[in-house]
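Quick notes on the structure that follows.
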Amino acid sequence: YALAFVAAVMLMCGSAHAQTFGLHIGSQHIPNEGYNNFNPGAYFKHDTGATVGAYKNSFRKLSVYAGWTIERGPVALTVGGVTGYKNTGARMLTSDVALLVIPSVRLPSIGGLSPRLAYTPKAHPKGAHVVPLMLEF
């Protein structure tokens, strides 16, 4: 249902001027102690900054998120809420929604695709830092 919701939002926003579609590809956990590094998913950033997406998270659960992205050149900051991290040590906004604060940088485009690297700090002392990779078009 969550992926269908994200797809519907993407289709409804088809008239935006500077919209960005992205694919979640994978991540590297530091240290990597059994976390899932294959994180397929998709997201949409409207030209207003509104951002929605879904992906398979580090705990092999579906995560759905919504928030706001501020971009200055290749650097961006996305702030919002994300599901799928209950009882993981994440800073929770509600019992089911965790705080999402993700800085990222867009790398030079290759064939119309722009790789984007992000950074997620440890949510728990026994957790891991995470460097996700996305592709935008």
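Ordering of the structure tokens sets the chain letters (A, B, ...), residue numbers begin anew at 1 in every chain, and ligands are numbered from 1 in the order given.
All residues of protein, DNA or RNA that reach within 12 Å of Arg72 in chain A, judged by only C-alpha atoms and not counting those fewer than 3 positions away in the chain, are Gly49, Thr69, Val75, Ala76, Leu77, Thr78, Pro103, Ser104, Val105 and Arg106 of chain A.
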I need the chosen residues saved as an mmCIF file, in the first residue's frame, with all heavy atoms.
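The resulting file, part.cif, is reproduced below:
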```cif
data_model
loop_
_atom_site.group_PDB
_atom_site.id
_atom_site.type_symbol
_atom_site.label_atom_id
_atom_site.label_comp_id
_atom_site.auth_asym_id
_atom_site.auth_seq_id
_atom_site.Cartn_x
_atom_site.Cartn_y
_atom_site.Cartn_z
ATOM 1 N N GLY A 49 9.834 21.712 -2.703
ATOM 2 C CA GLY A 49 10.602 21.087 -1.633
ATOM 3 C C GLY A 49 9.882 19.919 -0.984
ATOM 4 O O GLY A 49 10.494 19.130 -0.271
ATOM 5 N N THR A 69 12.544 19.217 1.568
ATOM 6 C CA THR A 69 13.949 19.257 1.164
ATOM 7 C C THR A 69 14.328 20.673 0.763
ATOM 8 O O THR A 69 13.639 21.298 -0.055
ATOM 9 C CB THR A 69 14.216 18.297 -0.008
ATOM 10 O OG1 THR A 69 13.871 16.966 0.394
ATOM 11 C CG2 THR A 69 15.680 18.331 -0.425
ATOM 12 N N VAL A 75 24.064 20.565 -2.642
ATOM 13 C CA VAL A 75 23.855 20.163 -1.247
ATOM 14 C C VAL A 75 22.373 20.283 -0.893
ATOM 15 O O VAL A 75 21.709 21.248 -1.274
ATOM 16 C CB VAL A 75 24.701 21.033 -0.297
ATOM 17 C CG1 VAL A 75 24.439 20.673 1.153
ATOM 18 C CG2 VAL A 75 26.176 20.891 -0.629
ATOM 19 N N ALA A 76 21.853 19.297 -0.141
ATOM 20 C CA ALA A 76 20.443 19.313 0.261
ATOM 21 C C ALA A 76 20.306 18.835 1.702
ATOM 22 O O ALA A 76 21.161 18.110 2.221
ATOM 23 C CB ALA A 76 19.610 18.420 -0.664
ATOM 24 N N LEU A 77 19.212 19.249 2.330
ATOM 25 C CA LEU A 77 18.843 18.768 3.664
ATOM 26 C C LEU A 77 17.368 18.414 3.622
ATOM 27 O O LEU A 77 16.536 19.260 3.274
ATOM 28 C CB LEU A 77 19.098 19.827 4.731
ATOM 29 C CG LEU A 77 18.695 19.421 6.151
ATOM 30 C CD1 LEU A 77 19.585 18.276 6.651
ATOM 31 C CD2 LEU A 77 18.771 20.609 7.091
ATOM 32 N N THR A 78 17.045 17.167 3.942
ATOM 33 C CA THR A 78 15.659 16.711 4.007
ATOM 34 C C THR A 78 15.295 16.498 5.465
ATOM 35 O O THR A 78 16.009 15.806 6.194
ATOM 36 C CB THR A 78 15.461 15.405 3.215
ATOM 37 O OG1 THR A 78 15.852 15.634 1.855
ATOM 38 C CG2 THR A 78 14.006 14.939 3.256
ATOM 39 N N PRO A 103 21.215 15.021 5.517
ATOM 40 C CA PRO A 103 21.972 15.853 4.578
ATOM 41 C C PRO A 103 22.453 14.986 3.416
ATOM 42 O O PRO A 103 22.688 13.784 3.576
ATOM 43 C CB PRO A 103 23.152 16.338 5.426
ATOM 44 C CG PRO A 103 23.329 15.283 6.467
ATOM 45 C CD PRO A 103 21.971 14.684 6.710
ATOM 46 N N SER A 104 22.574 15.599 2.234
ATOM 47 C CA SER A 104 23.037 14.844 1.068
ATOM 48 C C SER A 104 23.742 15.767 0.090
ATOM 49 O O SER A 104 23.631 16.991 0.166
ATOM 50 C CB SER A 104 21.864 14.137 0.384
ATOM 51 O OG SER A 104 20.964 15.083 -0.159
ATOM 52 N N VAL A 105 24.447 15.151 -0.844
ATOM 53 C CA VAL A 105 25.133 15.897 -1.895
ATOM 54 C C VAL A 105 24.928 15.184 -3.232
ATOM 55 O O VAL A 105 25.035 13.965 -3.316
ATOM 56 C CB VAL A 105 26.638 16.081 -1.580
ATOM 57 C CG1 VAL A 105 27.359 14.757 -1.509
ATOM 58 C CG2 VAL A 105 27.290 17.007 -2.575
ATOM 59 N N ARG A 106 24.587 15.978 -4.252
ATOM 60 C CA ARG A 106 24.410 15.446 -5.606
ATOM 61 C C ARG A 106 25.764 15.462 -6.297
ATOM 62 O O ARG A 106 26.472 16.477 -6.320
ATOM 63 C CB ARG A 106 23.400 16.303 -6.379
ATOM 64 C CG ARG A 106 23.078 15.785 -7.761
ATOM 65 C CD ARG A 106 22.083 16.677 -8.494
ATOM 66 N NE ARG A 106 22.624 18.021 -8.698
ATOM 67 C CZ ARG A 106 22.149 19.132 -8.135
ATOM 68 N NH1 ARG A 106 21.101 19.084 -7.331
ATOM 69 N NH2 ARG A 106 22.705 20.306 -8.382
#
```
Filtered DSSP result for range 24-119 of chain A, state strand (DSSP E), as a ChimeraX atom specification = /A:24-30,38-45,50-56,62-72,75-82,98-106,114-118
Selection: 7 Å around Pro132 in chain A, only C-alpha atoms, excl. self and same-chain fewer than 4 positions, as a compact mmCIF listing (two decimals) with C-alpha atoms, in the first residue's frame:
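The result, written out as around36.txt:
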```txt
# COMPACT_ATOMS: atom_id res chain seq x y z
CA GLY A 26 21.72 0.81 -1.43
CA SER A 27 23.71 1.90 1.60
CA GLN A 28 26.90 1.26 3.49
CA LEU A 117 25.09 10.42 -1.47
CA ALA A 118 23.48 11.02 1.90
CA TYR A 119 24.54 10.59 5.52
```
task = Please provide as a ChimeraX atom specification all residues within 7 Å of Ser63 in chain A, with the sequence filter that same-chain residues fewer than 4 positions apart are discarded (counting only C-alpha atoms).
result = /A:54-57,82-84
request  = Could you give me the residues within chain A that DSSP places in alpha helix (DSSP H), as a VMD selection string?
outcome  = chain A and resid 2 to 12
Applying 10 Å and only C-alpha atoms, which residues near Glu136 in chain A remain after dropping the ones on its own chain fewer than 2 positions away? List them as a short mmCIF file (atom, residue, chain, number, x, y, z; two decimals) with N, CA, C and O atoms, in the first residue's frame.
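Listing of out-v7.cif after writing:
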```cif
data_model
loop_
_atom_site.label_atom_id
_atom_site.label_comp_id
_atom_site.auth_asym_id
_atom_site.auth_seq_id
_atom_site.Cartn_x
_atom_site.Cartn_y
_atom_site.Cartn_z
N THR A 20 11.86 16.18 -9.21
CA THR A 20 12.95 15.21 -9.24
C THR A 20 12.40 13.86 -8.82
O THR A 20 11.74 13.74 -7.80
N PHE A 21 12.68 12.86 -9.64
CA PHE A 21 12.36 11.48 -9.30
C PHE A 21 13.68 10.82 -8.92
O PHE A 21 14.70 11.07 -9.54
N GLY A 22 13.64 9.98 -7.90
CA GLY A 22 14.86 9.31 -7.48
C GLY A 22 14.62 7.86 -7.14
O GLY A 22 13.49 7.45 -6.83
N LEU A 23 15.68 7.08 -7.21
CA LEU A 23 15.65 5.68 -6.83
C LEU A 23 16.62 5.45 -5.68
O LEU A 23 17.78 5.87 -5.77
N HIS A 24 16.14 4.82 -4.63
CA HIS A 24 17.02 4.38 -3.55
C HIS A 24 17.69 3.10 -4.05
O HIS A 24 17.02 2.18 -4.52
N ALA A 42 11.82 4.32 -4.07
CA ALA A 42 11.68 5.46 -4.96
C ALA A 42 11.23 6.67 -4.15
O ALA A 42 10.66 6.54 -3.07
N TYR A 43 11.51 7.86 -4.71
CA TYR A 43 11.06 9.09 -4.07
C TYR A 43 10.78 10.16 -5.11
O TYR A 43 11.18 10.06 -6.26
N PHE A 44 10.08 11.19 -4.65
CA PHE A 44 9.71 12.32 -5.49
C PHE A 44 9.94 13.59 -4.69
O PHE A 44 9.51 13.69 -3.55
N LYS A 45 10.65 14.55 -5.32
CA LYS A 45 10.83 15.89 -4.73
C LYS A 45 10.15 16.89 -5.66
O LYS A 45 10.53 17.02 -6.82
N ARG A 106 24.59 15.98 -4.25
CA ARG A 106 24.41 15.45 -5.61
C ARG A 106 25.76 15.46 -6.30
O ARG A 106 26.47 16.48 -6.32
N SER A 109 26.39 14.58 -12.92
CA SER A 109 25.51 13.71 -13.71
C SER A 109 26.30 12.85 -14.68
O SER A 109 27.31 13.28 -15.23
N GLY A 112 22.57 11.71 -17.86
CA GLY A 112 21.25 12.17 -17.42
C GLY A 112 20.84 11.70 -16.04
O GLY A 112 19.79 12.08 -15.55
N LEU A 113 21.65 10.86 -15.41
CA LEU A 113 21.39 10.41 -14.04
C LEU A 113 22.35 11.11 -13.10
O LEU A 113 23.54 11.23 -13.40
N SER A 114 21.83 11.55 -11.96
CA SER A 114 22.67 12.20 -10.96
C SER A 114 22.75 11.33 -9.72
O SER A 114 21.75 11.17 -9.02
N PRO A 115 23.91 10.78 -9.41
CA PRO A 115 24.06 10.05 -8.14
C PRO A 115 23.95 11.04 -6.98
O PRO A 115 24.38 12.19 -7.08
N ARG A 116 23.37 10.61 -5.88
CA ARG A 116 23.28 11.43 -4.66
C ARG A 116 23.72 10.57 -3.50
O ARG A 116 23.24 9.45 -3.32
N MET A 134 21.59 7.14 -3.88
CA MET A 134 20.39 7.28 -4.67
C MET A 134 20.78 7.72 -6.09
O MET A 134 21.88 8.22 -6.29
#
```
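Of the residues under consideration (A:Thr120, A:Asp96, A:Trp68, A:Lys61), A:Thr120 shows the shortest atom-to-atom contact distance to Leu133 in chain A when counting only C-alpha atoms.
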Distance criterion (only C-alpha atoms): nearest to Asn32 in chain A out of A:Pro125, A:Ser58, A:Asp47, A:Thr94 = A:Ser58
